[in-house]
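Heads up, the thing below is written out as structure tokens.
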Amino acid sequence: MEKRIVKFPLPVELIRRIDKAVVAGKGGLDTREQFFREAAEGFLAELSYEQAPEPVTGPEAETDPEVVATALHSVPAWEREELQLKDLAGTALRAPEAGTVWDSGVSEPDQEPILGLHNRDYPSLWAAARLSRYTENGAIPFDEFRARATKAAWMFGVQLAGLPNAGGARLTALFPTNPSKAESSERAFQNFAIGSVPRRRSEEGQIRASGPLFVWRLCELRWMEGALFVAMRPEGRELLSALAGLSLSLPHDREFAEVFLNHILTNAPGDSWGFRQLVDTVGAEPRREEIVSAVAIARPEWTLATASSIAQGYIARAREWGLLEPRLQEGKYHLTEFGEEWRSDSRTSQPTSHRGRDE
């Protein structure tokens with residue numbers, strides 16, 4: 001591969017923070033070159049997803065025999081039977097069975113707001129349910145989990161594309177369903193619905209993991225036999241138990257929304273900041289540009305494009321959980337009654353964990 005030297009100025013403080021991270025061995029990075037390459041490739045990947053065409057949905061996906069056959073036969077028979085969909089009710093999550101649970105390990109999640117390309121939470125909870133299922137008899141390699149979950153997501157997504165779009169919702173969001181952009185669709189699901197770890201990593205020290213399953217503290221990583229293995233965390237299994245019955249009927253029922261948002265407040269300070277920032281801003285009934293501006297002012301280290309992407313992601317997720325009205329009124333966003341109550345409660349009350357059951 002041809003290489004060229006590129007020189008560009010950076011603020012001294014930013015360089016110091018980068019060097020501090022490299023010296024500490026975070027993310028398995030050993031040099032500045034590795035740091036900038038990882039950062040550049042990651043951001044370019046994010047930009048490429050934004051340009052990807054819309055997923056195949058409706059009759060086109062439903063009647064394409066090759067797409068359907070490939071998706072159905074990419075997973076084992078027991079999982080095909082388990083994931084068969086006849087209607088929207090079939091998307092309901094099931095309570096997890098007993099399985100491997102780790103309360104400690106080497107993952108060190110990014111505690112920042114989740115990127116805007118993660119614009120629905122159900123696919124991540126669905127992926128966590130797959131992990132719980134796959135680890136009933138023991139932890140598995142992380143790469144194996146992502147590969148198996150991705151194949152299952154294709155099958156699930158193709159079936160979703162053939163279901164009626166209840167209420168006009170795009171049911172397939174984040175699930176891979178576009179055969180003409182298969183690689184991009186898979187990477188988007190893996191990175192933004194599940195999460196990722198650095199390609200270069202050392203068996204010594206913590207792993208700088210990103211993505212919802214790590215940020216929400218649903219899973220844990222450990223080194224075993226020279227490979228990185230994954231299993232559920234106790235709080236992850238408890239969350240899935242409390243969300244048994246959650247489906248793609250949108251917005252989600254308030255009882256599920258309260259459980260999930262309470263979990264975020266307790267376990268994911270960066271993500272909870274995003275929700276709080278949004279509902280506080282929407283309380284003033286703003287337009288979209290005012291929400292983006294508020295996020296950019298609150299986080300001046302972000303570019304305007306980043307602030308815009310993150311704001312849009314939290315708008316979509318807040319609608320999913322019933323915090324925001326589904327439609328604009330005179331070009332402005334409005335909180336639902338539940339959104340107003342949650343806004344007040346998240347400011348004044350200390351969230352209580354639903355942990356405590358014996359594993």
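By order of appearance in the structure tokens: chains A, B, ..., then residues from 1 within every chain, and ligands from 1 in the order shown.
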
Residues within 10 Å of Thr31 (chain A), only C-alpha atoms, excluding chain neighbours under 4 positions, as a PDB file with N, CA, C and O atoms, in the first residue's frame:
```pdb
ATOM      1  N   ILE A  18      -4.029  13.132  22.913  1.00  0.00           N
ATOM      2  CA  ILE A  18      -3.787  11.968  22.061  1.00  0.00           C
ATOM      3  C   ILE A  18      -2.583  11.184  22.584  1.00  0.00           C
ATOM      4  O   ILE A  18      -2.632   9.953  22.726  1.00  0.00           O
ATOM      5  N   ASP A  19      -1.505  11.898  22.871  1.00  0.00           N
ATOM      6  CA  ASP A  19      -0.292  11.228  23.357  1.00  0.00           C
ATOM      7  C   ASP A  19      -0.543  10.523  24.688  1.00  0.00           C
ATOM      8  O   ASP A  19      -0.027   9.420  24.933  1.00  0.00           O
ATOM      9  N   ALA A  21      -3.337   9.212  25.684  1.00  0.00           N
ATOM     10  CA  ALA A  21      -4.100   7.995  25.404  1.00  0.00           C
ATOM     11  C   ALA A  21      -3.197   6.905  24.829  1.00  0.00           C
ATOM     12  O   ALA A  21      -3.315   5.729  25.174  1.00  0.00           O
ATOM     13  N   VAL A  22      -2.260   7.287  23.938  1.00  0.00           N
ATOM     14  CA  VAL A  22      -1.360   6.318  23.320  1.00  0.00           C
ATOM     15  C   VAL A  22      -0.408   5.738  24.355  1.00  0.00           C
ATOM     16  O   VAL A  22      -0.195   4.517  24.417  1.00  0.00           O
ATOM     17  N   VAL A  23       0.159   6.605  25.195  1.00  0.00           N
ATOM     18  CA  VAL A  23       1.085   6.142  26.229  1.00  0.00           C
ATOM     19  C   VAL A  23       0.394   5.187  27.194  1.00  0.00           C
ATOM     20  O   VAL A  23       0.973   4.198  27.651  1.00  0.00           O
ATOM     21  N   GLY A  25      -1.832   3.178  26.425  1.00  0.00           N
ATOM     22  CA  GLY A  25      -2.168   1.940  25.724  1.00  0.00           C
ATOM     23  C   GLY A  25      -3.656   1.761  25.505  1.00  0.00           C
ATOM     24  O   GLY A  25      -4.120   0.641  25.267  1.00  0.00           O
ATOM     25  N   PHE A  35      -3.270   5.851  15.904  1.00  0.00           N
ATOM     26  CA  PHE A  35      -4.407   6.629  16.409  1.00  0.00           C
ATOM     27  C   PHE A  35      -5.119   7.346  15.268  1.00  0.00           C
ATOM     28  O   PHE A  35      -6.339   7.258  15.119  1.00  0.00           O
ATOM     29  N   PHE A  36      -4.352   8.074  14.449  1.00  0.00           N
ATOM     30  CA  PHE A  36      -4.973   8.862  13.384  1.00  0.00           C
ATOM     31  C   PHE A  36      -5.567   7.970  12.298  1.00  0.00           C
ATOM     32  O   PHE A  36      -6.598   8.307  11.706  1.00  0.00           O
TER      33      PHE A  36
END
```

Practice task
Would you mind listing what lies within 6 Å of Pro109 (chain A) as a PyMOL selection string, with only C-alpha atoms counted and same-chain residues fewer than 3 positions away left out?
Solution key: chain A and resi 208-210+214-215

Any chance you could tabulate, as JSON lines, the residues of region 60-146 of chain A at most 7 Å from region 178-200 of chain A with each one's nearest atom pair and distance in Å to one decimal, using only C-alpha atoms, in chain and rising number order?
```
{"residue": "A:Leu117", "atom": "CA", "partner": "A:Phe192", "partner_atom": "CA", "distance": 6.6}
{"residue": "A:His118", "atom": "CA", "partner": "A:Phe192", "partner_atom": "CA", "distance": 5.1}
{"residue": "A:Pro123", "atom": "CA", "partner": "A:Ala193", "partner_atom": "CA", "distance": 6.0}
{"residue": "A:Ser124", "atom": "CA", "partner": "A:Ala193", "partner_atom": "CA", "distance": 4.7}
{"residue": "A:Ala127", "atom": "CA", "partner": "A:Ile194", "partner_atom": "CA", "distance": 6.6}
{"residue": "A:Arg146", "atom": "CA", "partner": "A:Gln190", "partner_atom": "CA", "distance": 6.5}
```

Practice task
DSSP on the backbone, then: every residue of region 94-300 of chain A marked strand (DSSP E or B), written as a list of chain:residue names.
Solution key: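 Result set for region 94-300 of chain A (strand (DSSP E or B)): A:Val101, A:Ser107, A:Ile140, A:Pro141, A:Ser196, A:Ile207, A:Ser210, A:Cys219, A:Glu220, A:Leu221, A:Arg222, A:Trp223, A:Met224, A:Ala227, A:Leu228, A:Phe229, A:Val230, A:Ala231, A:Met232.
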
Save out the residues we just selected, all heavy atoms, as a tab-separated table (two decimals), in the first residue's frame.
```
chain	number	residue	atom	x	y	z
A	101	VAL	N	-22.72	-15.28	32.83
A	101	VAL	CA	-22.77	-13.86	33.19
A	101	VAL	C	-21.45	-13.46	33.82
A	101	VAL	O	-20.96	-14.14	34.73
A	101	VAL	CB	-23.93	-13.57	34.18
A	101	VAL	CG1	-23.89	-12.11	34.64
A	101	VAL	CG2	-25.28	-13.88	33.54
A	107	SER	N	-13.46	-4.75	29.30
A	107	SER	CA	-14.07	-3.69	28.48
A	107	SER	C	-14.06	-2.37	29.24
A	107	SER	O	-14.33	-2.32	30.44
A	107	SER	CB	-15.50	-4.06	28.09
A	107	SER	OG	-16.34	-4.09	29.21
A	140	ILE	N	-18.58	-16.92	24.26
A	140	ILE	CA	-18.11	-17.19	22.91
A	140	ILE	C	-17.20	-16.06	22.45
A	140	ILE	O	-17.25	-14.96	23.00
A	140	ILE	CB	-19.30	-17.35	21.92
A	140	ILE	CG1	-20.11	-16.05	21.85
A	140	ILE	CG2	-20.17	-18.53	22.30
A	140	ILE	CD1	-21.21	-16.08	20.80
A	141	PRO	N	-16.35	-16.29	21.46
A	141	PRO	CA	-15.51	-15.21	20.94
A	141	PRO	C	-16.36	-14.04	20.45
A	141	PRO	O	-17.42	-14.25	19.83
A	141	PRO	CB	-14.75	-15.88	19.79
A	141	PRO	CG	-14.72	-17.33	20.15
A	141	PRO	CD	-16.04	-17.59	20.81
A	196	SER	N	-18.16	-2.08	18.77
A	196	SER	CA	-16.91	-2.53	18.20
A	196	SER	C	-15.77	-2.38	19.19
A	196	SER	O	-15.88	-1.68	20.19
A	196	SER	CB	-16.60	-1.74	16.91
A	196	SER	OG	-16.48	-0.36	17.21
A	207	ILE	N	-9.86	-2.84	27.21
A	207	ILE	CA	-10.24	-2.70	25.81
A	207	ILE	C	-11.20	-1.52	25.68
A	207	ILE	O	-12.26	-1.50	26.32
A	207	ILE	CB	-10.93	-3.97	25.28
A	207	ILE	CG1	-9.98	-5.17	25.38
A	207	ILE	CG2	-11.40	-3.76	23.85
A	207	ILE	CD1	-8.79	-5.09	24.48
A	210	SER	N	-16.69	0.48	22.07
A	210	SER	CA	-17.69	1.50	21.75
A	210	SER	C	-18.97	0.83	21.29
A	210	SER	O	-18.99	-0.35	20.96
A	210	SER	CB	-17.17	2.44	20.65
A	210	SER	OG	-16.95	1.71	19.45
A	219	CYS	N	-22.95	-6.18	28.17
A	219	CYS	CA	-22.05	-7.31	27.96
A	219	CYS	C	-20.66	-7.00	28.49
A	219	CYS	O	-20.34	-5.85	28.80
A	219	CYS	CB	-21.99	-7.69	26.48
A	219	CYS	SG	-21.21	-6.45	25.43
A	220	GLU	N	-19.84	-8.04	28.59
A	220	GLU	CA	-18.49	-7.89	29.14
A	220	GLU	C	-17.51	-8.71	28.29
A	220	GLU	O	-17.91	-9.70	27.66
A	220	GLU	CB	-18.45	-8.36	30.60
A	220	GLU	CG	-17.15	-8.09	31.32
A	220	GLU	CD	-16.75	-6.63	31.28
A	220	GLU	OE1	-17.24	-5.85	32.10
A	220	GLU	OE2	-15.93	-6.30	30.38
A	221	LEU	N	-16.26	-8.27	28.27
A	221	LEU	CA	-15.21	-8.94	27.50
A	221	LEU	C	-14.15	-9.52	28.44
A	221	LEU	O	-13.84	-8.92	29.47
A	221	LEU	CB	-14.53	-7.96	26.55
A	221	LEU	CG	-15.40	-7.29	25.48
A	221	LEU	CD1	-14.61	-6.18	24.79
A	221	LEU	CD2	-15.89	-8.32	24.46
A	222	ARG	N	-13.61	-10.66	28.05
A	222	ARG	CA	-12.45	-11.25	28.75
A	222	ARG	C	-11.57	-11.96	27.73
A	222	ARG	O	-12.06	-12.45	26.71
A	222	ARG	CB	-12.90	-12.26	29.82
A	222	ARG	CG	-13.53	-11.64	31.06
A	222	ARG	CD	-13.87	-12.72	32.08
A	222	ARG	NE	-14.55	-12.15	33.25
A	222	ARG	CZ	-15.00	-12.88	34.27
A	222	ARG	NH1	-14.83	-14.20	34.27
A	222	ARG	NH2	-15.62	-12.30	35.28
A	223	TRP	N	-10.27	-11.99	28.04
A	223	TRP	CA	-9.35	-12.76	27.22
A	223	TRP	C	-9.38	-14.21	27.67
A	223	TRP	O	-9.22	-14.51	28.85
A	223	TRP	CB	-7.93	-12.21	27.34
A	223	TRP	CG	-7.72	-10.91	26.63
A	223	TRP	CD1	-7.64	-9.67	27.18
A	223	TRP	CD2	-7.57	-10.73	25.23
A	223	TRP	NE1	-7.46	-8.71	26.21
A	223	TRP	CE2	-7.40	-9.34	24.99
A	223	TRP	CE3	-7.55	-11.60	24.13
A	223	TRP	CZ2	-7.22	-8.80	23.72
A	223	TRP	CZ3	-7.38	-11.06	22.86
A	223	TRP	CH2	-7.21	-9.69	22.66
A	224	MET	N	-9.57	-15.11	26.72
A	224	MET	CA	-9.55	-16.55	27.00
A	224	MET	C	-8.91	-17.26	25.82
A	224	MET	O	-9.30	-17.05	24.67
A	224	MET	CB	-10.99	-17.08	27.21
A	224	MET	CG	-11.73	-16.45	28.38
A	224	MET	SD	-13.49	-16.94	28.43
A	224	MET	CE	-13.35	-18.71	28.63
A	227	ALA	N	-7.96	-15.30	22.73
A	227	ALA	CA	-9.00	-14.61	21.96
A	227	ALA	C	-9.88	-13.79	22.89
A	227	ALA	O	-9.95	-14.04	24.09
A	227	ALA	CB	-9.84	-15.62	21.18
A	228	LEU	N	-10.56	-12.82	22.33
A	228	LEU	CA	-11.45	-11.96	23.10
A	228	LEU	C	-12.84	-12.58	23.12
A	228	LEU	O	-13.49	-12.68	22.09
A	228	LEU	CB	-11.48	-10.56	22.49
A	228	LEU	CG	-11.96	-9.42	23.37
A	228	LEU	CD1	-11.07	-9.27	24.60
A	228	LEU	CD2	-11.98	-8.11	22.58
A	229	PHE	N	-13.29	-13.00	24.31
A	229	PHE	CA	-14.60	-13.63	24.47
A	229	PHE	C	-15.60	-12.63	25.05
A	229	PHE	O	-15.21	-11.64	25.70
A	229	PHE	CB	-14.51	-14.85	25.38
A	229	PHE	CG	-14.07	-16.10	24.69
A	229	PHE	CD1	-12.81	-16.19	24.10
A	229	PHE	CD2	-14.91	-17.20	24.61
A	229	PHE	CE1	-12.40	-17.35	23.46
A	229	PHE	CE2	-14.51	-18.38	23.97
A	229	PHE	CZ	-13.25	-18.45	23.39
A	230	VAL	N	-16.88	-12.90	24.85
A	230	VAL	CA	-17.94	-12.00	25.32
A	230	VAL	C	-19.02	-12.81	26.03
A	230	VAL	O	-19.28	-13.97	25.69
A	230	VAL	CB	-18.55	-11.21	24.14
A	230	VAL	CG1	-19.25	-12.14	23.15
A	230	VAL	CG2	-19.51	-10.13	24.63
A	231	ALA	N	-19.62	-12.20	27.04
A	231	ALA	CA	-20.76	-12.78	27.75
A	231	ALA	C	-21.62	-11.63	28.27
A	231	ALA	O	-21.21	-10.46	28.24
A	231	ALA	CB	-20.30	-13.68	28.90
A	232	MET	N	-22.81	-11.93	28.75
A	232	MET	CA	-23.69	-10.92	29.31
A	232	MET	C	-23.16	-10.45	30.67
A	232	MET	O	-22.51	-11.21	31.39
A	232	MET	CB	-25.10	-11.48	29.50
A	232	MET	CG	-25.81	-11.86	28.21
A	232	MET	SD	-26.16	-10.44	27.14
A	232	MET	CE	-27.32	-9.51	28.18
```

Handout entry: Straight-line distance linking CA of Asn137 (chain A) with CA of Gly90 (chain A), stated in Å to one decimal
Key =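 Those two atoms sit 25.0 Å apart.
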
Practice task
Go ahead and compute the interatomic distance for CA of Leu328 (chain A) and CA of Tyr314 (chain A), in Å to one decimal.
Solution key: 15.2 Å
